[in-house]
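Notes to accompany the following structure.
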Amino acid sequence: MTVALASNSPVVAADGGAAQVLRLGHMPEAVFGDMDSLSGDIQARLAPGVLRPVPEQDSTDFDKCLRHIEAPLVLGYGFLGARLDHQLAAMNVLVRRPDRRCVLIGPEDVVCLCPPELTLDLGPGERVSLFPLAEARGQSEGLRWPLDGLRFFPGDAIGTSNEATGPVRLTFGTPSMLIILSVAHLNALVSGLEHAPRWPARA
(Lines give C-alpha, C1' and ligand atoms only; values in the text may rest on other atoms or scores of the structure.)
Protein backbone atom coordinates (compact mmCIF):
# COMPACT_ATOMS: atom_id res chain seq x y z
CA MET A 1 0.00 0.00 0.00
CA THR A 2 2.88 2.37 0.68
CA VAL A 3 3.81 2.22 -3.03
CA ALA A 4 0.30 3.24 -4.03
CA LEU A 5 0.26 6.09 -1.52
CA ALA A 6 3.62 7.34 -2.78
CA SER A 7 2.22 7.58 -6.33
CA ASN A 8 -0.28 10.30 -5.30
CA SER A 9 -3.11 8.30 -6.86
CA PRO A 10 -6.56 8.66 -5.26
CA VAL A 11 -6.99 6.35 -2.27
CA VAL A 12 -10.36 4.81 -1.40
CA ALA A 13 -10.79 2.55 1.62
CA ALA A 14 -13.16 -0.33 2.26
CA ASP A 15 -14.59 0.06 5.77
CA GLY A 16 -11.88 -0.74 8.37
CA GLY A 17 -9.16 -0.28 5.76
CA ALA A 18 -9.47 3.44 6.49
CA ALA A 19 -7.62 2.88 9.77
CA GLN A 20 -4.56 1.55 7.92
CA VAL A 21 -4.60 4.47 5.47
CA LEU A 22 -4.68 6.92 8.39
CA ARG A 23 -1.86 5.04 10.16
CA LEU A 24 0.26 5.58 7.04
CA GLY A 25 -0.35 9.33 7.29
CA HIS A 26 -2.89 9.78 4.49
CA MET A 27 -6.53 10.80 4.32
CA PRO A 28 -8.68 8.57 2.07
CA GLU A 29 -10.82 10.36 -0.47
CA ALA A 30 -13.74 8.07 0.36
CA VAL A 31 -14.58 5.16 2.65
CA PHE A 32 -17.28 2.73 1.51
CA GLY A 33 -18.81 -0.07 3.56
CA ASP A 34 -21.35 -0.88 6.21
CA MET A 35 -18.94 0.56 8.81
CA ASP A 36 -19.21 -2.43 11.14
CA SER A 37 -15.41 -2.64 11.47
CA LEU A 38 -14.63 1.08 11.63
CA SER A 39 -14.51 2.43 15.16
CA GLY A 40 -16.14 5.69 16.16
CA ASP A 41 -12.69 7.12 16.94
CA ILE A 42 -11.48 6.44 13.40
CA GLN A 43 -14.70 7.78 11.89
CA ALA A 44 -14.23 11.01 13.86
CA ARG A 45 -10.76 11.47 12.34
CA LEU A 46 -12.04 11.33 8.75
CA ALA A 47 -12.54 14.55 6.83
CA PRO A 48 -16.13 15.71 6.20
CA GLY A 49 -17.76 13.88 3.30
CA VAL A 50 -15.24 11.03 3.25
CA LEU A 51 -17.49 8.49 4.96
CA ARG A 52 -19.89 6.89 2.43
CA PRO A 53 -22.00 4.29 4.29
CA VAL A 54 -23.58 1.49 2.26
CA PRO A 55 -25.83 -0.19 4.84
CA GLU A 56 -26.97 -3.32 2.95
CA GLN A 57 -25.59 -6.69 4.09
CA ASP A 58 -25.89 -8.62 0.82
CA SER A 59 -22.37 -7.83 -0.40
CA THR A 60 -18.86 -7.52 1.01
CA ASP A 61 -17.21 -4.21 1.81
CA PHE A 62 -14.86 -4.79 -1.13
CA ASP A 63 -17.86 -5.14 -3.45
CA LYS A 64 -19.44 -2.00 -1.99
CA CYS A 65 -16.19 -0.15 -2.56
CA LEU A 66 -15.39 -1.41 -6.07
CA ARG A 67 -18.82 -0.77 -7.52
CA HIS A 68 -18.66 2.88 -6.45
CA ILE A 69 -15.24 3.54 -7.99
CA GLU A 70 -15.01 4.94 -11.52
CA ALA A 71 -11.40 4.45 -12.62
CA PRO A 72 -9.51 2.86 -15.52
CA LEU A 73 -7.78 0.51 -13.07
CA VAL A 74 -8.02 -0.15 -9.34
CA LEU A 75 -5.13 -1.56 -7.30
CA GLY A 76 -6.52 -3.42 -4.30
CA TYR A 77 -4.34 -3.83 -1.22
CA GLY A 78 -5.23 -5.76 1.93
CA PHE A 79 -7.49 -8.36 0.30
CA LEU A 80 -4.87 -11.11 -0.13
CA GLY A 81 -2.68 -12.86 2.41
CA ALA A 82 -4.91 -12.79 5.49
CA ARG A 83 -8.13 -14.78 5.96
CA LEU A 84 -8.74 -17.33 3.23
CA ASP A 85 -12.51 -16.80 3.22
CA HIS A 86 -11.98 -13.07 2.66
CA GLN A 87 -9.56 -13.78 -0.18
CA LEU A 88 -12.07 -16.08 -1.89
CA ALA A 89 -14.83 -13.50 -1.45
CA ALA A 90 -12.65 -10.79 -3.00
CA MET A 91 -11.86 -12.98 -6.01
CA ASN A 92 -15.56 -13.69 -6.41
CA VAL A 93 -16.17 -9.93 -6.61
CA LEU A 94 -13.69 -9.65 -9.47
CA VAL A 95 -15.93 -11.97 -11.50
CA ARG A 96 -19.17 -10.32 -10.33
CA ARG A 97 -17.89 -6.90 -11.45
CA PRO A 98 -16.08 -7.65 -14.74
CA ASP A 99 -16.42 -4.04 -15.93
CA ARG A 100 -14.47 -2.78 -12.88
CA ARG A 101 -10.87 -3.57 -13.75
CA CYS A 102 -9.02 -4.37 -10.53
CA VAL A 103 -5.74 -6.04 -9.56
CA LEU A 104 -5.52 -7.49 -6.06
CA ILE A 105 -1.99 -7.22 -4.69
CA GLY A 106 -0.67 -9.50 -1.95
CA PRO A 107 2.72 -10.21 -0.39
CA GLU A 108 3.56 -12.91 -2.95
CA ASP A 109 1.03 -12.73 -5.77
CA VAL A 110 -1.18 -10.47 -7.85
CA VAL A 111 -4.54 -11.59 -9.23
CA CYS A 112 -7.11 -10.12 -11.59
CA LEU A 113 -9.91 -11.17 -13.91
CA CYS A 114 -8.58 -11.92 -17.38
CA PRO A 115 -9.94 -9.46 -19.96
CA PRO A 116 -11.12 -10.70 -23.39
CA GLU A 117 -7.54 -10.37 -24.65
CA LEU A 118 -4.36 -9.92 -22.63
CA THR A 119 -0.72 -9.69 -23.70
CA LEU A 120 1.99 -10.02 -21.04
CA ASP A 121 5.70 -9.36 -21.45
CA LEU A 122 7.04 -12.35 -19.49
CA GLY A 123 10.25 -14.29 -19.72
CA PRO A 124 10.64 -18.05 -20.18
CA GLY A 125 9.89 -20.08 -17.06
CA GLU A 126 7.76 -17.43 -15.32
CA ARG A 127 4.73 -18.84 -13.50
CA VAL A 128 1.33 -18.14 -15.07
CA SER A 129 -1.55 -19.59 -13.05
CA LEU A 130 -5.11 -19.54 -14.31
CA PHE A 131 -8.12 -20.40 -12.15
CA PRO A 132 -11.72 -20.50 -13.42
CA LEU A 133 -14.58 -19.32 -11.22
CA ALA A 134 -17.09 -20.48 -13.86
CA GLU A 135 -16.80 -22.36 -17.13
CA ALA A 136 -14.04 -20.85 -19.24
CA ARG A 137 -12.54 -21.60 -22.65
CA GLY A 138 -9.66 -19.72 -24.21
CA GLN A 139 -6.67 -19.68 -26.47
CA SER A 140 -3.07 -18.95 -25.67
CA GLU A 141 0.30 -18.21 -27.17
CA GLY A 142 3.52 -18.39 -25.21
CA LEU A 143 2.48 -20.97 -22.59
CA ARG A 144 4.24 -24.27 -22.01
CA TRP A 145 0.82 -25.97 -21.82
CA PRO A 146 -1.55 -24.26 -24.30
CA LEU A 147 -5.18 -23.60 -23.42
CA ASP A 148 -6.65 -24.23 -26.87
CA GLY A 149 -9.47 -26.79 -26.93
CA LEU A 150 -9.66 -27.14 -23.13
CA ARG A 151 -12.73 -26.58 -20.96
CA PHE A 152 -11.93 -25.13 -17.54
CA PHE A 153 -14.39 -25.37 -14.68
CA PRO A 154 -14.25 -25.22 -10.84
CA GLY A 155 -13.99 -28.74 -9.49
CA ASP A 156 -12.66 -29.96 -12.83
CA ALA A 157 -9.84 -28.74 -15.07
CA ILE A 158 -7.91 -25.70 -13.82
CA GLY A 159 -4.76 -24.01 -15.12
CA THR A 160 -2.47 -23.40 -12.16
CA SER A 161 1.34 -23.61 -12.37
CA ASN A 162 1.58 -23.11 -16.11
CA GLU A 163 4.75 -21.47 -17.43
CA ALA A 164 5.56 -18.79 -19.95
CA THR A 165 7.88 -19.67 -22.81
CA GLY A 166 8.19 -15.97 -23.65
CA PRO A 167 5.65 -13.17 -24.10
CA VAL A 168 2.14 -14.51 -23.42
CA ARG A 169 -1.10 -13.76 -25.23
CA LEU A 170 -4.43 -14.97 -23.81
CA THR A 171 -7.97 -14.70 -25.17
CA PHE A 172 -11.21 -15.68 -23.41
CA GLY A 173 -14.85 -15.60 -24.41
CA THR A 174 -16.34 -15.09 -20.94
CA PRO A 175 -15.37 -13.07 -17.83
CA SER A 176 -14.68 -16.08 -15.65
CA MET A 177 -10.93 -16.78 -15.56
CA LEU A 178 -8.57 -15.38 -12.94
CA ILE A 179 -4.88 -14.92 -13.70
CA ILE A 180 -2.37 -15.17 -10.86
CA LEU A 181 1.22 -13.99 -11.25
CA SER A 182 4.14 -13.28 -8.96
CA VAL A 183 3.95 -9.82 -7.43
CA ALA A 184 7.25 -9.14 -9.22
CA HIS A 185 5.21 -8.98 -12.45
CA LEU A 186 2.71 -6.36 -11.27
CA ASN A 187 4.02 -3.79 -13.76
CA ALA A 188 3.78 -6.26 -16.65
CA LEU A 189 0.19 -7.06 -15.68
CA VAL A 190 -0.80 -3.41 -15.35
CA SER A 191 0.80 -2.63 -18.72
CA GLY A 192 -1.06 -5.51 -20.34
CA LEU A 193 -4.39 -4.42 -18.84
CA GLU A 194 -3.90 -0.84 -20.03
CA HIS A 195 -3.92 -2.08 -23.64
CA ALA A 196 -6.60 -4.75 -23.24
CA PRO A 197 -10.29 -4.56 -24.21
CA ARG A 198 -12.80 -4.43 -21.37
CA TRP A 199 -15.69 -6.64 -20.36
CA PRO A 200 -19.14 -5.04 -20.19
CA ALA A 201 -21.03 -4.91 -16.91
CA ARG A 202 -23.10 -7.98 -16.10
CA ALA A 203 -26.78 -7.62 -16.93
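Chain labels follow the order of the C-alpha coordinates: the first chain is A, the next B, and so on; residue numbering restarts at 1 in every chain, and ligands are counted from 1 in their shown order.
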
(message) Please return, as a ChimeraX atom specification, all residues of segment 47-131 of chain A that DSSP assigns to strand (DSSP E) on the basis of the backbone.
(response) /A:51-53,74-77,102-105,109-113,117-120,127-131

(message) Residues within 12 Å of Leu150 of chain A, please, as a list in words. Count only C-alpha atoms; anything in the same chain fewer than 4 positions from it doesn't count.
(response)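 What passes the distance filter is Pro132, Glu135, Ala136, Arg137, Gly138, Gln139, Ser140, Trp145, Pro146, Asp156, Ala157, Ile158, Gly159 and Phe172 of chain A.
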
(message) For the alpha helix (DSSP H) assignment from backbone DSSP, which residues of segment 49-162 of chain A qualify? Please present them as a list in words.
(response)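 Residues of segment 49-162 of chain A classed as alpha helix (DSSP H): Asp61, Phe62, Asp63, Lys64, Cys65, Leu66, Leu84, Asp85, His86, Gln87, Leu88, Ala89, Ala90, Met91, Asn92, Val93, Leu94, Val95 and Arg96 of chain A.
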
Would you export the selected residues with N, CA and C atoms as a short mmCIF file (atom, residue, chain, number, x, y, z; two decimals), in the first residue's frame, please?
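Final output, saved to part_15.cif:
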```
data_model
loop_
_atom_site.label_atom_id
_atom_site.label_comp_id
_atom_site.auth_asym_id
_atom_site.auth_seq_id
_atom_site.Cartn_x
_atom_site.Cartn_y
_atom_site.Cartn_z
N ASP A 61 -17.67 -5.60 1.85
CA ASP A 61 -17.21 -4.21 1.81
C ASP A 61 -16.38 -3.95 0.56
N PHE A 62 -15.63 -4.96 0.11
CA PHE A 62 -14.86 -4.79 -1.13
C PHE A 62 -15.80 -4.56 -2.31
N ASP A 63 -16.88 -5.33 -2.39
CA ASP A 63 -17.86 -5.14 -3.45
C ASP A 63 -18.48 -3.74 -3.37
N LYS A 64 -18.87 -3.33 -2.17
CA LYS A 64 -19.44 -2.00 -1.99
C LYS A 64 -18.47 -0.92 -2.48
N CYS A 65 -17.20 -1.13 -2.18
CA CYS A 65 -16.19 -0.15 -2.56
C CYS A 65 -15.97 -0.15 -4.08
N LEU A 66 -15.75 -1.33 -4.65
CA LEU A 66 -15.39 -1.41 -6.07
C LEU A 66 -16.50 -0.89 -6.97
N LEU A 84 -8.47 -16.67 4.50
CA LEU A 84 -8.74 -17.33 3.23
C LEU A 84 -10.15 -17.05 2.75
N ASP A 85 -11.14 -17.04 3.66
CA ASP A 85 -12.51 -16.80 3.22
C ASP A 85 -12.66 -15.40 2.64
N HIS A 86 -11.93 -14.42 3.21
CA HIS A 86 -11.98 -13.07 2.66
C HIS A 86 -11.31 -13.01 1.29
N GLN A 87 -10.22 -13.75 1.12
CA GLN A 87 -9.56 -13.78 -0.18
C GLN A 87 -10.49 -14.36 -1.25
N LEU A 88 -11.15 -15.46 -0.93
CA LEU A 88 -12.07 -16.08 -1.89
C LEU A 88 -13.22 -15.14 -2.22
N ALA A 89 -13.73 -14.45 -1.20
CA ALA A 89 -14.83 -13.50 -1.45
C ALA A 89 -14.38 -12.36 -2.36
N ALA A 90 -13.15 -11.88 -2.16
CA ALA A 90 -12.65 -10.79 -3.00
C ALA A 90 -12.48 -11.25 -4.44
N MET A 91 -12.00 -12.46 -4.65
CA MET A 91 -11.86 -12.98 -6.01
C MET A 91 -13.22 -13.17 -6.67
N ASN A 92 -14.20 -13.56 -5.89
CA ASN A 92 -15.56 -13.69 -6.41
C ASN A 92 -16.08 -12.34 -6.90
N VAL A 93 -15.75 -11.27 -6.19
CA VAL A 93 -16.17 -9.93 -6.61
C VAL A 93 -15.56 -9.55 -7.95
N LEU A 94 -14.31 -9.96 -8.19
CA LEU A 94 -13.69 -9.65 -9.47
C LEU A 94 -14.52 -10.18 -10.63
N VAL A 95 -15.11 -11.36 -10.45
CA VAL A 95 -15.93 -11.97 -11.50
C VAL A 95 -17.32 -11.34 -11.53
N ARG A 96 -17.85 -10.95 -10.38
CA ARG A 96 -19.17 -10.32 -10.33
C ARG A 96 -19.16 -8.93 -10.96
#
```

Per residue of segment 31-89 of chain A within 8 Å of segment 11-18 of chain A, what are the shortest atom pair and its distance in Å to one decimal, counting only C-alpha atoms, with rows by chain and residue number, as a tab-separated table?
```
residue	atom	partner	partner_atom	distance
A:Val31	CA	A:Ala13	CA	4.7
A:Phe32	CA	A:Ala14	CA	5.2
A:Gly33	CA	A:Asp15	CA	4.8
A:Asp34	CA	A:Asp15	CA	6.8
A:Met35	CA	A:Asp15	CA	5.3
A:Asp36	CA	A:Asp15	CA	7.5
A:Ser37	CA	A:Gly16	CA	5.1
A:Leu38	CA	A:Gly16	CA	4.6
A:Ser39	CA	A:Gly16	CA	7.9
A:Ile42	CA	A:Ala18	CA	7.8
A:Asp61	CA	A:Ala14	CA	5.6
A:Phe62	CA	A:Ala14	CA	5.9
A:Lys64	CA	A:Ala14	CA	7.8
A:Cys65	CA	A:Ala14	CA	5.7
A:Gly78	CA	A:Gly17	CA	7.8
```

Residues from last step as file, all heavy atoms, as an mmCIF file, in the first residue's frame:
```cif
data_model
loop_
_atom_site.group_PDB
_atom_site.id
_atom_site.type_symbol
_atom_site.label_atom_id
_atom_site.label_comp_id
_atom_site.auth_asym_id
_atom_site.auth_seq_id
_atom_site.Cartn_x
_atom_site.Cartn_y
_atom_site.Cartn_z
ATOM 1 N N VAL A 31 -14.535 6.435 1.943
ATOM 2 C CA VAL A 31 -14.576 5.163 2.652
ATOM 3 C C VAL A 31 -15.964 4.571 2.438
ATOM 4 O O VAL A 31 -16.963 5.164 2.863
ATOM 5 C CB VAL A 31 -14.303 5.322 4.158
ATOM 6 C CG1 VAL A 31 -14.371 3.966 4.857
ATOM 7 C CG2 VAL A 31 -12.957 5.985 4.408
ATOM 8 N N PHE A 32 -16.008 3.407 1.765
ATOM 9 C CA PHE A 32 -17.276 2.731 1.515
ATOM 10 C C PHE A 32 -17.378 1.482 2.375
ATOM 11 O O PHE A 32 -16.378 0.813 2.636
ATOM 12 C CB PHE A 32 -17.391 2.331 0.040
ATOM 13 C CG PHE A 32 -17.487 3.495 -0.906
ATOM 14 C CD1 PHE A 32 -16.382 3.925 -1.623
ATOM 15 C CD2 PHE A 32 -18.682 4.169 -1.077
ATOM 16 C CE1 PHE A 32 -16.464 4.990 -2.494
ATOM 17 C CE2 PHE A 32 -18.784 5.243 -1.945
ATOM 18 C CZ PHE A 32 -17.667 5.657 -2.655
ATOM 19 N N GLY A 33 -18.576 1.143 2.792
ATOM 20 C CA GLY A 33 -18.806 -0.072 3.559
ATOM 21 C C GLY A 33 -19.988 0.086 4.480
ATOM 22 O O GLY A 33 -20.635 1.144 4.513
ATOM 23 N N ASP A 34 -20.260 -0.979 5.246
ATOM 24 C CA ASP A 34 -21.353 -0.877 6.210
ATOM 25 C C ASP A 34 -20.877 -0.327 7.555
ATOM 26 O O ASP A 34 -21.667 -0.149 8.467
ATOM 27 C CB ASP A 34 -22.046 -2.223 6.400
ATOM 28 C CG ASP A 34 -21.075 -3.330 6.823
ATOM 29 O OD1 ASP A 34 -19.962 -3.016 7.281
ATOM 30 O OD2 ASP A 34 -21.442 -4.507 6.683
ATOM 31 N N MET A 35 -19.577 -0.081 7.663
ATOM 32 C CA MET A 35 -18.937 0.562 8.810
ATOM 33 C C MET A 35 -19.014 -0.267 10.092
ATOM 34 O O MET A 35 -18.873 0.260 11.188
ATOM 35 C CB MET A 35 -19.525 1.966 9.073
ATOM 36 C CG MET A 35 -19.547 2.852 7.841
ATOM 37 S SD MET A 35 -17.948 2.931 6.993
ATOM 38 C CE MET A 35 -18.430 3.597 5.402
ATOM 39 N N ASP A 36 -19.151 -1.588 9.939
ATOM 40 C CA ASP A 36 -19.206 -2.429 11.136
ATOM 41 C C ASP A 36 -17.827 -2.727 11.703
ATOM 42 O O ASP A 36 -17.712 -3.246 12.816
ATOM 43 C CB ASP A 36 -19.953 -3.728 10.836
ATOM 44 C CG ASP A 36 -19.258 -4.598 9.787
ATOM 45 O OD1 ASP A 36 -18.321 -4.104 9.137
ATOM 46 O OD2 ASP A 36 -19.674 -5.761 9.624
ATOM 47 N N SER A 37 -16.765 -2.413 10.959
ATOM 48 C CA SER A 37 -15.410 -2.644 11.465
ATOM 49 C C SER A 37 -14.604 -1.351 11.548
ATOM 50 O O SER A 37 -13.381 -1.383 11.627
ATOM 51 C CB SER A 37 -14.676 -3.657 10.575
ATOM 52 O OG SER A 37 -14.612 -3.217 9.238
ATOM 53 N N LEU A 38 -15.303 -0.216 11.539
ATOM 54 C CA LEU A 38 -14.633 1.080 11.631
ATOM 55 C C LEU A 38 -15.079 1.762 12.914
ATOM 56 O O LEU A 38 -16.247 2.149 13.059
ATOM 57 C CB LEU A 38 -15.004 1.936 10.409
ATOM 58 C CG LEU A 38 -14.156 3.185 10.140
ATOM 59 C CD1 LEU A 38 -12.700 2.806 9.913
ATOM 60 C CD2 LEU A 38 -14.694 3.942 8.948
ATOM 61 N N SER A 39 -14.160 1.890 13.849
ATOM 62 C CA SER A 39 -14.512 2.429 15.160
ATOM 63 C C SER A 39 -14.952 3.882 15.077
ATOM 64 O O SER A 39 -14.616 4.602 14.124
ATOM 65 C CB SER A 39 -13.311 2.313 16.104
ATOM 66 O OG SER A 39 -12.293 3.229 15.727
ATOM 67 N N ILE A 42 -12.017 6.298 14.741
ATOM 68 C CA ILE A 42 -11.480 6.444 13.396
ATOM 69 C C ILE A 42 -12.430 7.267 12.539
ATOM 70 O O ILE A 42 -12.013 8.154 11.779
ATOM 71 C CB ILE A 42 -11.225 5.077 12.743
ATOM 72 C CG1 ILE A 42 -10.156 4.309 13.514
ATOM 73 C CG2 ILE A 42 -10.829 5.231 11.292
ATOM 74 C CD1 ILE A 42 -8.783 4.957 13.508
ATOM 75 N N ASP A 61 -17.671 -5.602 1.852
ATOM 76 C CA ASP A 61 -17.214 -4.209 1.812
ATOM 77 C C ASP A 61 -16.380 -3.947 0.564
ATOM 78 O O ASP A 61 -16.406 -2.841 0.015
ATOM 79 C CB ASP A 61 -16.406 -3.875 3.069
ATOM 80 C CG ASP A 61 -17.281 -3.784 4.310
ATOM 81 O OD1 ASP A 61 -18.418 -3.292 4.191
ATOM 82 O OD2 ASP A 61 -16.833 -4.201 5.388
ATOM 83 N N PHE A 62 -15.629 -4.956 0.108
ATOM 84 C CA PHE A 62 -14.864 -4.793 -1.133
ATOM 85 C C PHE A 62 -15.797 -4.560 -2.308
ATOM 86 O O PHE A 62 -15.559 -3.694 -3.145
ATOM 87 C CB PHE A 62 -13.983 -6.019 -1.367
ATOM 88 C CG PHE A 62 -13.258 -6.004 -2.687
ATOM 89 C CD1 PHE A 62 -12.532 -4.891 -3.088
ATOM 90 C CD2 PHE A 62 -13.302 -7.105 -3.525
ATOM 91 C CE1 PHE A 62 -11.860 -4.868 -4.306
ATOM 92 C CE2 PHE A 62 -12.632 -7.106 -4.736
ATOM 93 C CZ PHE A 62 -11.923 -5.992 -5.129
ATOM 94 N N LYS A 64 -18.865 -3.331 -2.172
ATOM 95 C CA LYS A 64 -19.438 -1.995 -1.992
ATOM 96 C C LYS A 64 -18.473 -0.922 -2.481
ATOM 97 O O LYS A 64 -18.875 0.069 -3.106
ATOM 98 C CB LYS A 64 -19.765 -1.764 -0.512
ATOM 99 C CG LYS A 64 -20.877 -2.628 0.069
ATOM 100 C CD LYS A 64 -21.038 -2.349 1.559
ATOM 101 C CE LYS A 64 -22.215 -3.099 2.165
ATOM 102 N NZ LYS A 64 -21.994 -4.553 2.225
ATOM 103 N N CYS A 65 -17.205 -1.127 -2.179
ATOM 104 C CA CYS A 65 -16.188 -0.146 -2.561
ATOM 105 C C CYS A 65 -15.974 -0.148 -4.078
ATOM 106 O O CYS A 65 -16.040 0.901 -4.728
ATOM 107 C CB CYS A 65 -14.887 -0.499 -1.842
ATOM 108 S SG CYS A 65 -13.671 0.817 -1.776
ATOM 109 N N GLY A 78 -4.626 -5.310 0.683
ATOM 110 C CA GLY A 78 -5.231 -5.757 1.929
ATOM 111 C C GLY A 78 -6.274 -6.844 1.755
ATOM 112 O O GLY A 78 -6.886 -7.261 2.740
#
```

(message) Restricting the calculation to only C-alpha atoms: of A:Arg83, A:Arg45, A:Arg97, A:His26, which residue gets closest to Trp199 of chain A?
(response) A:Arg97

(request) Identify which of the residues A:Ala203, A:Leu143, A:Ile105, A:Met177 lies closest to Leu189 of chain A, counting only C-alpha atoms when measuring atom-to-atom distances. (result)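 Of the candidates, the smallest distance to Leu189 of chain A is held by A:Ile105.
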
(request) Would you work out the distance separating atom CA of Ala19 of chain A from atom CA of Leu178 of chain A, expressed in Å to one decimal? (result) 29.2 Å

(request) May I ask which of the residues A:Leu73, A:Leu24, A:Val110, A:Leu122 is the closest one to Gly166 of chain A, counting only C-alpha atoms? (result)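 Nearest to Gly166 of chain A: A:Leu122.
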
(request) Mind giving me the straight-line distance from atom CA of Glu117 of chain A to atom CA of Gly149 of chain A in Å, one decimal? (result)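 That distance, rounded to one decimal, is 16.7 Å.
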
(request) Have a look at atom CA of Leu133 of chain A and atom CA of Pro154 of chain A and let me know their distance in Å, one decimal. (result)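 Interatomic distance, atom CA of Leu133 of chain A to atom CA of Pro154 of chain A: 5.9 Å.
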
(request) Could you check which of A:Leu130, A:Leu120, A:Leu22, A:Ile69 is closest to His195 of chain A, using only C-alpha atoms? (result)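 Checking each of A:Leu130, A:Leu120, A:Leu22, A:Ile69 against His195 of chain A, counting only C-alpha atoms, the winner is A:Leu120.
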